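Structure record follows, encoded as structure tokens.
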Amino acid sequence: MIQSMTGFGKHVIQLPSKKITVELKSLNSKSLDLNARMPSTYREKELEMRKTIANSLVRGKIDFNLYVEITGDETTSKVNEGAVRQYMKQLRTIADGDDVHLLEMALRLPDTLKTERDDLDPEEYKTIRQALTAALTEINSFRSEEGNVLERDFLARLQNLSTLLEQVVQMDPERISGIRERLEKAVADLKTEVDANRFEQELIYYLEKFDITEEKVRLANHLEYFKSTLQSEDSNGKKLGFISQEIGREINTIGSKANYAPMQQLVVQMKDELEKIKEQMLNVL
């Protein structure tokens, strides 16, 4: 069962004095590209959380955001009283004004607020881990739903390719017969005596160059292999990408050997269907 690399997951925790939000967003990427944003207090656990996310999401361009909103009386910023008093003392020597006015001026100057870094509470981090797990569950569910949409589209495209291949198979005898007739007419137009046996040998050799039997068989096998890979337990976008390359190779070979306009038209339609598969393949995990 395939998964998309596109997804979103979010979980909110309400603590007595904080509101913590864990948010995950992912887009398609050839490898894992994880960008994390969080307050400095939680940086010591960043590598651990990154590892958890990487193990769960595997691949994609992932944005991980940890937001912390203070909702109670707790705050990490405090007035630096010593600095403020020193500023007010200096201001009195150069300007007249009451204490309120001097205080307003002093608070605009640097270092009047100091931020105290709190140690990360183990119980709070345990709660954050639970929120991260919930957000990962949500984003993986989102990815699975998107994967189901992709799978239905792939199956429809594969059916179209199979139908077009069947038309190629049915058209092939007529194509070979047409090529043979053109060659025989060309020789007849020469109005020259030729050895019938030698001509037949050369004709068979020439027609073998236009034979697409192997390509038809391999293309049918690749289409079935692609379909069976869609049903595998793990989502394997890279493997499906390799199979689609092989499908494209067989279609191109049929096109180059066709030498028959109606069949080349079918090949163009097959290429169009395959191109749509490759476009969607970029989103598969």
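Just so we're on the same page: first chain in the structure tokens is A, next is B, and so on; residues restart at 1 for each chain, and ligands are numbered from 1 in the order they show up.
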
For Leu240 of chain A, please output as a compact mmCIF listing (two decimals) with all heavy atoms, in the first residue's frame all residues within 12 Å (counting only C-alpha atoms; exclusion window: fewer than 4 positions along the same chain).
# COMPACT_ATOMS: atom_id res chain seq x y z
N MET A 1 0.85 -1.19 0.00
CA MET A 1 0.00 0.00 0.00
C MET A 1 0.88 1.24 0.00
O MET A 1 1.73 1.40 0.86
CB MET A 1 -0.90 0.00 1.24
CG MET A 1 -1.85 1.16 1.31
SD MET A 1 -2.94 1.02 2.74
CE MET A 1 -3.95 2.47 2.49
N ILE A 2 0.68 2.10 -0.98
CA ILE A 2 1.57 3.25 -1.09
C ILE A 2 1.11 4.40 -0.21
O ILE A 2 -0.05 4.50 0.17
CB ILE A 2 1.68 3.73 -2.55
CG1 ILE A 2 0.32 4.21 -3.08
CG2 ILE A 2 2.26 2.66 -3.43
CD1 ILE A 2 0.41 4.89 -4.42
N GLU A 151 -3.02 5.74 -5.67
CA GLU A 151 -3.12 4.35 -6.12
C GLU A 151 -4.26 4.18 -7.13
O GLU A 151 -4.10 3.51 -8.16
CB GLU A 151 -3.34 3.43 -4.92
CG GLU A 151 -3.41 1.96 -5.30
CD GLU A 151 -3.55 1.06 -4.10
OE1 GLU A 151 -3.33 1.53 -2.96
OE2 GLU A 151 -3.89 -0.13 -4.30
N PHE A 154 -3.07 5.56 -10.38
CA PHE A 154 -2.10 4.66 -11.02
C PHE A 154 -2.80 3.47 -11.68
O PHE A 154 -2.46 3.09 -12.81
CB PHE A 154 -1.08 4.15 -10.00
CG PHE A 154 -0.07 5.19 -9.58
CD1 PHE A 154 0.45 5.19 -8.29
CD2 PHE A 154 0.37 6.15 -10.46
CE1 PHE A 154 1.37 6.14 -7.89
CE2 PHE A 154 1.30 7.11 -10.07
CZ PHE A 154 1.80 7.10 -8.78
N HIS A 222 6.06 -5.72 -17.09
CA HIS A 222 6.35 -4.54 -16.28
C HIS A 222 5.07 -3.92 -15.72
O HIS A 222 5.05 -3.46 -14.57
CB HIS A 222 7.09 -3.49 -17.12
CG HIS A 222 8.48 -3.89 -17.52
ND1 HIS A 222 9.26 -4.73 -16.74
CD2 HIS A 222 9.23 -3.57 -18.61
CE1 HIS A 222 10.43 -4.90 -17.34
NE2 HIS A 222 10.43 -4.22 -18.47
N LEU A 223 4.01 -3.91 -16.50
CA LEU A 223 2.73 -3.36 -16.03
C LEU A 223 2.19 -4.18 -14.87
O LEU A 223 1.68 -3.64 -13.87
CB LEU A 223 1.72 -3.31 -17.17
CG LEU A 223 2.03 -2.34 -18.33
CD1 LEU A 223 0.99 -2.46 -19.43
CD2 LEU A 223 2.11 -0.90 -17.84
N GLU A 224 2.29 -5.50 -14.98
CA GLU A 224 1.84 -6.38 -13.89
C GLU A 224 2.72 -6.22 -12.66
O GLU A 224 2.23 -6.24 -11.52
CB GLU A 224 1.84 -7.84 -14.35
CG GLU A 224 0.71 -8.19 -15.29
CD GLU A 224 -0.66 -7.95 -14.67
OE1 GLU A 224 -0.85 -8.30 -13.48
OE2 GLU A 224 -1.54 -7.40 -15.35
N TYR A 225 4.02 -6.06 -12.88
CA TYR A 225 4.96 -5.88 -11.76
C TYR A 225 4.67 -4.57 -11.03
O TYR A 225 4.70 -4.51 -9.79
CB TYR A 225 6.38 -5.91 -12.28
CG TYR A 225 7.46 -5.97 -11.22
CD1 TYR A 225 7.23 -6.61 -10.00
CD2 TYR A 225 8.71 -5.39 -11.43
CE1 TYR A 225 8.21 -6.66 -9.03
CE2 TYR A 225 9.69 -5.43 -10.47
CZ TYR A 225 9.44 -6.07 -9.26
OH TYR A 225 10.41 -6.11 -8.30
N PHE A 226 4.39 -3.54 -11.78
CA PHE A 226 4.04 -2.25 -11.18
C PHE A 226 2.78 -2.40 -10.32
O PHE A 226 2.72 -1.92 -9.18
CB PHE A 226 3.79 -1.22 -12.29
CG PHE A 226 3.71 0.20 -11.81
CD1 PHE A 226 4.76 1.08 -12.04
CD2 PHE A 226 2.59 0.68 -11.14
CE1 PHE A 226 4.69 2.41 -11.61
CE2 PHE A 226 2.51 1.99 -10.71
CZ PHE A 226 3.57 2.85 -10.94
N LYS A 227 1.79 -3.11 -10.85
CA LYS A 227 0.53 -3.29 -10.13
C LYS A 227 0.73 -4.09 -8.85
O LYS A 227 0.18 -3.76 -7.79
CB LYS A 227 -0.47 -4.00 -11.04
CG LYS A 227 -1.90 -4.02 -10.50
CD LYS A 227 -2.84 -4.77 -11.45
CE LYS A 227 -2.91 -4.09 -12.80
NZ LYS A 227 -3.91 -4.76 -13.69
N SER A 228 1.54 -5.15 -8.91
CA SER A 228 1.78 -5.97 -7.71
C SER A 228 2.59 -5.21 -6.67
O SER A 228 2.39 -5.37 -5.46
CB SER A 228 2.51 -7.27 -8.09
OG SER A 228 3.80 -7.00 -8.61
N THR A 229 3.51 -4.34 -7.13
CA THR A 229 4.30 -3.53 -6.20
C THR A 229 3.43 -2.53 -5.47
O THR A 229 3.68 -2.19 -4.30
CB THR A 229 5.44 -2.81 -6.94
OG1 THR A 229 6.25 -3.78 -7.62
CG2 THR A 229 6.34 -2.04 -5.97
N LEU A 230 2.39 -2.04 -6.12
CA LEU A 230 1.44 -1.12 -5.46
C LEU A 230 0.79 -1.79 -4.25
O LEU A 230 0.44 -1.12 -3.28
CB LEU A 230 0.34 -0.70 -6.44
CG LEU A 230 0.67 0.37 -7.49
CD1 LEU A 230 -0.53 0.56 -8.41
CD2 LEU A 230 1.05 1.68 -6.84
N GLN A 231 0.63 -3.13 -4.33
CA GLN A 231 -0.06 -3.85 -3.26
C GLN A 231 0.88 -4.35 -2.16
O GLN A 231 0.43 -4.98 -1.21
CB GLN A 231 -0.81 -5.06 -3.85
CG GLN A 231 -1.73 -4.71 -5.01
CD GLN A 231 -2.78 -3.68 -4.64
OE1 GLN A 231 -3.31 -3.69 -3.54
NE2 GLN A 231 -3.08 -2.78 -5.57
N SER A 232 2.17 -4.07 -2.27
CA SER A 232 3.12 -4.54 -1.25
C SER A 232 2.89 -3.82 0.07
O SER A 232 2.28 -2.75 0.13
CB SER A 232 4.56 -4.33 -1.73
OG SER A 232 4.82 -2.95 -1.94
N ASP A 234 4.96 -2.28 2.13
CA ASP A 234 5.65 -1.00 2.29
C ASP A 234 5.44 -0.13 1.05
O ASP A 234 5.32 -0.62 -0.07
CB ASP A 234 7.15 -1.24 2.50
CG ASP A 234 7.43 -2.03 3.77
OD1 ASP A 234 6.68 -1.85 4.74
OD2 ASP A 234 8.39 -2.82 3.77
N SER A 235 5.42 1.18 1.31
CA SER A 235 5.36 2.13 0.20
C SER A 235 6.77 2.29 -0.36
O SER A 235 7.69 2.65 0.36
CB SER A 235 4.82 3.48 0.68
OG SER A 235 4.76 4.41 -0.37
N ASN A 236 6.93 1.99 -1.63
CA ASN A 236 8.28 2.00 -2.23
C ASN A 236 8.26 2.80 -3.51
O ASN A 236 8.24 2.26 -4.62
CB ASN A 236 8.74 0.57 -2.48
CG ASN A 236 10.25 0.49 -2.66
OD1 ASN A 236 10.88 1.46 -3.08
ND2 ASN A 236 10.82 -0.66 -2.37
N SER A 244 8.76 2.18 -13.71
CA SER A 244 8.21 3.10 -14.72
C SER A 244 9.27 3.45 -15.78
O SER A 244 8.94 3.65 -16.95
CB SER A 244 7.67 4.37 -14.06
OG SER A 244 8.70 5.13 -13.46
N GLN A 245 10.54 3.50 -15.37
CA GLN A 245 11.61 3.73 -16.35
C GLN A 245 11.69 2.56 -17.34
O GLN A 245 11.89 2.78 -18.55
CB GLN A 245 12.95 3.88 -15.62
CG GLN A 245 13.08 5.20 -14.86
CD GLN A 245 14.40 5.30 -14.12
OE1 GLN A 245 15.29 4.46 -14.28
NE2 GLN A 245 14.54 6.32 -13.30
N GLU A 246 11.54 1.34 -16.84
CA GLU A 246 11.57 0.16 -17.72
C GLU A 246 10.36 0.16 -18.65
O GLU A 246 10.47 -0.21 -19.83
CB GLU A 246 11.59 -1.12 -16.88
CG GLU A 246 12.86 -1.32 -16.07
CD GLU A 246 14.10 -1.36 -16.97
OE1 GLU A 246 14.06 -2.05 -18.01
OE2 GLU A 246 15.09 -0.67 -16.64
N ILE A 247 9.21 0.57 -18.12
CA ILE A 247 8.01 0.68 -18.97
C ILE A 247 8.28 1.67 -20.10
O ILE A 247 7.96 1.40 -21.27
CB ILE A 247 6.79 1.13 -18.13
CG1 ILE A 247 6.39 0.01 -17.16
CG2 ILE A 247 5.62 1.50 -19.04
CD1 ILE A 247 5.29 0.42 -16.18
N ILE A 277 1.86 9.19 -14.95
CA ILE A 277 2.27 8.32 -13.85
C ILE A 277 3.54 8.86 -13.21
O ILE A 277 3.66 8.94 -11.98
CB ILE A 277 2.48 6.87 -14.34
CG1 ILE A 277 1.14 6.21 -14.66
CG2 ILE A 277 3.24 6.04 -13.30
CD1 ILE A 277 1.26 4.81 -15.23
N LYS A 278 4.51 9.26 -14.04
CA LYS A 278 5.78 9.77 -13.51
C LYS A 278 5.59 11.06 -12.72
O LYS A 278 6.28 11.29 -11.72
CB LYS A 278 6.76 9.99 -14.66
CG LYS A 278 7.31 8.69 -15.26
CD LYS A 278 8.32 8.99 -16.35
CE LYS A 278 8.95 7.71 -16.89
NZ LYS A 278 9.96 7.99 -17.94
N GLN A 280 2.95 11.90 -10.94
CA GLN A 280 2.39 11.54 -9.63
C GLN A 280 3.40 10.75 -8.79
O GLN A 280 3.35 10.79 -7.56
CB GLN A 280 1.13 10.69 -9.82
CG GLN A 280 -0.02 11.41 -10.51
CD GLN A 280 -0.71 12.40 -9.58
OE1 GLN A 280 -0.10 12.97 -8.66
NE2 GLN A 280 -1.99 12.61 -9.80
N MET A 281 4.33 10.06 -9.49
CA MET A 281 5.32 9.26 -8.78
C MET A 281 6.20 10.10 -7.86
O MET A 281 6.71 9.61 -6.85
CB MET A 281 6.19 8.53 -9.81
CG MET A 281 7.09 7.46 -9.23
SD MET A 281 6.12 6.08 -8.66
CE MET A 281 5.35 5.60 -10.19
N LEU A 282 6.36 11.38 -8.18
CA LEU A 282 7.20 12.26 -7.37
C LEU A 282 6.66 12.42 -5.95
O LEU A 282 7.41 12.78 -5.05
CB LEU A 282 7.29 13.64 -8.04
CG LEU A 282 7.95 13.69 -9.43
CD1 LEU A 282 7.85 15.09 -10.00
CD2 LEU A 282 9.40 13.25 -9.34
N ASN A 283 5.36 12.14 -5.77
CA ASN A 283 4.74 12.31 -4.44
C ASN A 283 4.73 11.02 -3.63
O ASN A 283 4.31 11.04 -2.46
CB ASN A 283 3.30 12.81 -4.59
CG ASN A 283 3.24 14.22 -5.16
OD1 ASN A 283 4.01 15.06 -4.77
ND2 ASN A 283 2.31 14.44 -6.08
N VAL A 284 5.15 9.90 -4.23
CA VAL A 284 5.05 8.62 -3.54
C VAL A 284 6.24 8.41 -2.62
O VAL A 284 7.39 8.61 -3.01
CB VAL A 284 4.94 7.44 -4.54
CG1 VAL A 284 4.86 6.12 -3.81
CG2 VAL A 284 3.71 7.63 -5.43
N LEU A 285 5.96 8.00 -1.39
CA LEU A 285 7.02 7.74 -0.41
C LEU A 285 7.89 6.59 -0.86
O LEU A 285 7.38 5.55 -1.26
CB LEU A 285 6.39 7.41 0.95
CG LEU A 285 7.35 7.07 2.09
CD1 LEU A 285 8.24 8.24 2.42
CD2 LEU A 285 6.58 6.63 3.31

Each residue of segment 40-139 of chain A lying at most 12 Å from segment 18-24 of chain A should get a row with its shortest atom-to-atom pair and the distance in Å to one decimal, counting only C-alpha atoms; could you produce that, ordered by chain and increasing number, as JSON lines?
{"residue": "A:Tyr42", "atom": "CA", "partner": "A:Ile20", "partner_atom": "CA", "distance": 11.7}
{"residue": "A:Met49", "atom": "CA", "partner": "A:Val22", "partner_atom": "CA", "distance": 11.3}
{"residue": "A:Arg50", "atom": "CA", "partner": "A:Leu24", "partner_atom": "CA", "distance": 11.6}
{"residue": "A:Ile53", "atom": "CA", "partner": "A:Leu24", "partner_atom": "CA", "distance": 9.2}
{"residue": "A:Ala54", "atom": "CA", "partner": "A:Leu24", "partner_atom": "CA", "distance": 11.9}
{"residue": "A:Ser56", "atom": "CA", "partner": "A:Leu24", "partner_atom": "CA", "distance": 11.8}
{"residue": "A:Leu57", "atom": "CA", "partner": "A:Leu24", "partner_atom": "CA", "distance": 10.3}
{"residue": "A:Gly60", "atom": "CA", "partner": "A:Leu24", "partner_atom": "CA", "distance": 11.6}
{"residue": "A:Lys61", "atom": "CA", "partner": "A:Leu24", "partner_atom": "CA", "distance": 10.5}
{"residue": "A:Ile62", "atom": "CA", "partner": "A:Leu24", "partner_atom": "CA", "distance": 7.0}
{"residue": "A:Asp63", "atom": "CA", "partner": "A:Leu24", "partner_atom": "CA", "distance": 5.7}
{"residue": "A:Phe64", "atom": "CA", "partner": "A:Leu24", "partner_atom": "CA", "distance": 4.8}
{"residue": "A:Asn65", "atom": "CA", "partner": "A:Glu23", "partner_atom": "CA", "distance": 5.1}
{"residue": "A:Leu66", "atom": "CA", "partner": "A:Val22", "partner_atom": "CA", "distance": 4.8}
{"residue": "A:Tyr67", "atom": "CA", "partner": "A:Thr21", "partner_atom": "CA", "distance": 5.0}
{"residue": "A:Val68", "atom": "CA", "partner": "A:Ile20", "partner_atom": "CA", "distance": 4.6}
{"residue": "A:Glu69", "atom": "CA", "partner": "A:Lys19", "partner_atom": "CA", "distance": 5.0}
{"residue": "A:Ile70", "atom": "CA", "partner": "A:Lys18", "partner_atom": "CA", "distance": 4.6}
{"residue": "A:Thr71", "atom": "CA", "partner": "A:Lys18", "partner_atom": "CA", "distance": 5.1}
{"residue": "A:Gly72", "atom": "CA", "partner": "A:Lys18", "partner_atom": "CA", "distance": 6.7}
{"residue": "A:Asp73", "atom": "CA", "partner": "A:Lys18", "partner_atom": "CA", "distance": 9.6}
{"residue": "A:Glu74", "atom": "CA", "partner": "A:Lys18", "partner_atom": "CA", "distance": 8.4}
{"residue": "A:Thr75", "atom": "CA", "partner": "A:Lys18", "partner_atom": "CA", "distance": 10.0}
{"residue": "A:Glu124", "atom": "CA", "partner": "A:Ile20", "partner_atom": "CA", "distance": 9.8}
{"residue": "A:Tyr125", "atom": "CA", "partner": "A:Ile20", "partner_atom": "CA", "distance": 10.6}
{"residue": "A:Thr127", "atom": "CA", "partner": "A:Ile20", "partner_atom": "CA", "distance": 9.5}
{"residue": "A:Ile128", "atom": "CA", "partner": "A:Ile20", "partner_atom": "CA", "distance": 7.7}
{"residue": "A:Arg129", "atom": "CA", "partner": "A:Val22", "partner_atom": "CA", "distance": 9.5}
{"residue": "A:Gln130", "atom": "CA", "partner": "A:Val22", "partner_atom": "CA", "distance": 10.0}
{"residue": "A:Ala131", "atom": "CA", "partner": "A:Val22", "partner_atom": "CA", "distance": 6.5}
{"residue": "A:Leu132", "atom": "CA", "partner": "A:Val22", "partner_atom": "CA", "distance": 6.2}
{"residue": "A:Thr133", "atom": "CA", "partner": "A:Val22", "partner_atom": "CA", "distance": 9.6}
{"residue": "A:Ala134", "atom": "CA", "partner": "A:Val22", "partner_atom": "CA", "distance": 9.1}
{"residue": "A:Ala135", "atom": "CA", "partner": "A:Glu23", "partner_atom": "CA", "distance": 6.8}
{"residue": "A:Leu136", "atom": "CA", "partner": "A:Leu24", "partner_atom": "CA", "distance": 7.5}
{"residue": "A:Thr137", "atom": "CA", "partner": "A:Leu24", "partner_atom": "CA", "distance": 10.5}
{"residue": "A:Glu138", "atom": "CA", "partner": "A:Leu24", "partner_atom": "CA", "distance": 9.2}
{"residue": "A:Ile139", "atom": "CA", "partner": "A:Leu24", "partner_atom": "CA", "distance": 7.1}

Would you write out those residues with N, CA, C and O atoms, as a compact mmCIF listing (two decimals), in the first residue's frame?
# COMPACT_ATOMS: atom_id res chain seq x y z
N TYR A 42 14.02 23.72 24.56
CA TYR A 42 13.79 22.34 24.14
C TYR A 42 14.85 21.83 23.17
O TYR A 42 14.77 20.71 22.69
N MET A 49 14.07 14.06 19.07
CA MET A 49 12.80 14.23 18.36
C MET A 49 12.99 14.08 16.85
O MET A 49 12.14 13.53 16.15
N ARG A 50 14.13 14.57 16.33
CA ARG A 50 14.42 14.41 14.91
C ARG A 50 14.49 12.93 14.53
O ARG A 50 13.97 12.52 13.48
N ILE A 53 11.01 11.43 14.34
CA ILE A 53 10.31 11.87 13.13
C ILE A 53 10.86 11.15 11.91
O ILE A 53 10.11 10.68 11.05
N ALA A 54 12.19 11.05 11.82
CA ALA A 54 12.83 10.39 10.67
C ALA A 54 12.42 8.92 10.57
O ALA A 54 12.16 8.41 9.48
N SER A 56 9.70 7.59 11.55
CA SER A 56 8.28 7.46 11.21
C SER A 56 7.97 7.90 9.79
O SER A 56 7.23 7.24 9.07
N LEU A 57 8.56 9.03 9.36
CA LEU A 57 8.20 9.60 8.06
C LEU A 57 9.14 9.21 6.93
O LEU A 57 8.79 9.37 5.76
N GLY A 60 11.01 12.87 2.63
CA GLY A 60 10.19 14.03 2.32
C GLY A 60 10.81 15.30 2.88
O GLY A 60 11.73 15.26 3.69
N LYS A 61 10.30 16.43 2.42
CA LYS A 61 10.71 17.73 2.96
C LYS A 61 9.77 18.03 4.12
O LYS A 61 8.60 18.35 3.91
N ILE A 62 10.29 17.95 5.34
CA ILE A 62 9.44 17.98 6.53
C ILE A 62 9.74 19.22 7.37
O ILE A 62 10.90 19.51 7.67
N ASP A 63 8.69 19.93 7.73
CA ASP A 63 8.80 21.06 8.66
C ASP A 63 8.19 20.63 9.99
O ASP A 63 7.02 20.26 10.06
N PHE A 64 9.02 20.71 11.06
CA PHE A 64 8.58 20.36 12.42
C PHE A 64 8.61 21.63 13.26
O PHE A 64 9.67 22.26 13.40
N ASN A 65 7.46 22.01 13.78
CA ASN A 65 7.36 23.22 14.59
C ASN A 65 6.82 22.89 15.97
O ASN A 65 5.81 22.19 16.10
N LEU A 66 7.52 23.43 16.99
CA LEU A 66 7.08 23.29 18.37
C LEU A 66 6.84 24.69 18.91
O LEU A 66 7.78 25.47 19.08
N TYR A 67 5.57 25.03 19.14
CA TYR A 67 5.21 26.36 19.62
C TYR A 67 4.83 26.28 21.11
O TYR A 67 4.13 25.35 21.52
N VAL A 68 5.31 27.26 21.87
CA VAL A 68 5.00 27.32 23.30
C VAL A 68 4.42 28.70 23.62
O VAL A 68 5.05 29.72 23.37
N GLU A 69 3.21 28.69 24.14
CA GLU A 69 2.52 29.94 24.51
C GLU A 69 2.26 29.94 26.01
O GLU A 69 1.64 29.01 26.55
N ILE A 70 2.78 30.96 26.71
CA ILE A 70 2.56 31.08 28.15
C ILE A 70 1.14 31.57 28.40
O ILE A 70 0.75 32.64 27.93
N THR A 71 0.36 30.80 29.14
CA THR A 71 -1.04 31.17 29.41
C THR A 71 -1.30 31.50 30.87
O THR A 71 -2.37 31.97 31.22
N GLY A 72 -0.31 31.25 31.74
CA GLY A 72 -0.48 31.53 33.16
C GLY A 72 0.38 32.68 33.62
O GLY A 72 0.78 33.56 32.84
N ASP A 73 0.71 32.70 34.90
CA ASP A 73 1.53 33.78 35.46
C ASP A 73 3.01 33.57 35.20
O ASP A 73 3.83 34.44 35.48
N GLU A 74 3.35 32.43 34.70
CA GLU A 74 4.76 32.09 34.48
C GLU A 74 5.33 32.89 33.32
O GLU A 74 4.70 33.09 32.30
N THR A 75 6.56 33.40 33.49
CA THR A 75 7.25 34.09 32.40
C THR A 75 8.75 33.92 32.58
O THR A 75 9.24 33.80 33.71
N GLU A 124 7.01 17.48 31.55
CA GLU A 124 6.55 18.29 30.42
C GLU A 124 7.07 17.70 29.10
O GLU A 124 6.33 17.62 28.12
N TYR A 125 8.32 17.26 29.09
CA TYR A 125 8.88 16.67 27.87
C TYR A 125 8.17 15.36 27.54
O TYR A 125 7.94 15.06 26.35
N THR A 127 5.09 14.73 28.04
CA THR A 127 3.83 15.14 27.43
C THR A 127 4.05 15.58 25.98
O THR A 127 3.25 15.30 25.09
N ILE A 128 5.17 16.29 25.75
CA ILE A 128 5.51 16.73 24.39
C ILE A 128 5.74 15.51 23.49
O ILE A 128 5.32 15.49 22.32
N ARG A 129 6.41 14.50 24.02
CA ARG A 129 6.65 13.28 23.24
C ARG A 129 5.32 12.63 22.85
O ARG A 129 5.17 12.13 21.73
N GLN A 130 4.37 12.63 23.78
CA GLN A 130 3.06 12.06 23.48
C GLN A 130 2.36 12.86 22.38
O GLN A 130 1.72 12.30 21.49
N ALA A 131 2.52 14.19 22.44
CA ALA A 131 1.93 15.04 21.42
C ALA A 131 2.59 14.80 20.06
O ALA A 131 1.92 14.79 19.02
N LEU A 132 3.90 14.60 20.06
CA LEU A 132 4.63 14.33 18.82
C LEU A 132 4.15 13.01 18.21
O LEU A 132 3.94 12.92 17.00
N THR A 133 3.97 12.01 19.06
CA THR A 133 3.47 10.71 18.58
C THR A 133 2.08 10.86 17.96
O THR A 133 1.79 10.28 16.90
N ALA A 134 1.23 11.66 18.60
CA ALA A 134 -0.12 11.87 18.07
C ALA A 134 -0.08 12.61 16.73
O ALA A 134 -0.82 12.29 15.80
N ALA A 135 0.82 13.61 16.63
CA ALA A 135 0.95 14.36 15.37
C ALA A 135 1.48 13.47 14.26
O ALA A 135 1.06 13.58 13.10
N LEU A 136 2.42 12.57 14.60
CA LEU A 136 2.96 11.64 13.60
C LEU A 136 1.87 10.66 13.12
O LEU A 136 1.81 10.33 11.93
N THR A 137 1.03 10.22 14.06
CA THR A 137 -0.08 9.34 13.67
C THR A 137 -1.02 10.05 12.70
O THR A 137 -1.47 9.47 11.70
N GLU A 138 -1.28 11.32 12.98
CA GLU A 138 -2.18 12.10 12.13
C GLU A 138 -1.59 12.32 10.74
O GLU A 138 -2.27 12.16 9.73
N ILE A 139 -0.30 12.68 10.68
CA ILE A 139 0.30 12.96 9.37
C ILE A 139 0.44 11.67 8.56
O ILE A 139 0.26 11.68 7.34

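Note that the spacing between atom CA of Lys216 of chain A and atom CA of Ala261 of chain A amounts to 17.6 Å.
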
Per DSSP on the backbone, what are the alpha helix (DSSP H) residues of segment 21-232 of chain A, as number ranges by chain? A: 46-57, 81-94, 99-107, 122-189, 196-208, 213-230

Hey, what's within 12 Å of Met88 of chain A if we count only C-alpha atoms and toss same-chain stuff fewer than 2 positions away? As a list in words, please? Glu81, Gly82, Ala83, Val84, Arg85, Gln86, Gln90, Leu91, Arg92, Thr93, Ile94, Ala95, Asp96, Gly97, Asp98, Asp99, Val100, His101, Leu102, Leu103, Glu104, Met105, Ala106, Leu107, Arg108, Leu109 and Thr112 of chain A

Between atom CA of Asp272 of chain A and atom CA of Glu215 of chain A, what distance in Å does the model show, to one decimal?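 So the answer is 18.2 Å.
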
Can you tell me which residues surround Pro173 of chain A at a distance of at most 12 Å, considering only C-alpha atoms, apart from same-chain residues fewer than 4 positions away, and format the answer as a PyMOL selection string? chain A and resi 167-169+177-180+207+210-213+258+260+263

So what do you get for atom CA of Leu120 of chain A versus atom CA of Pro16 of chain A, distance-wise?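 Atom CA of Pro16 of chain A lies at a distance of 15.5 Å from atom CA of Leu120 of chain A.
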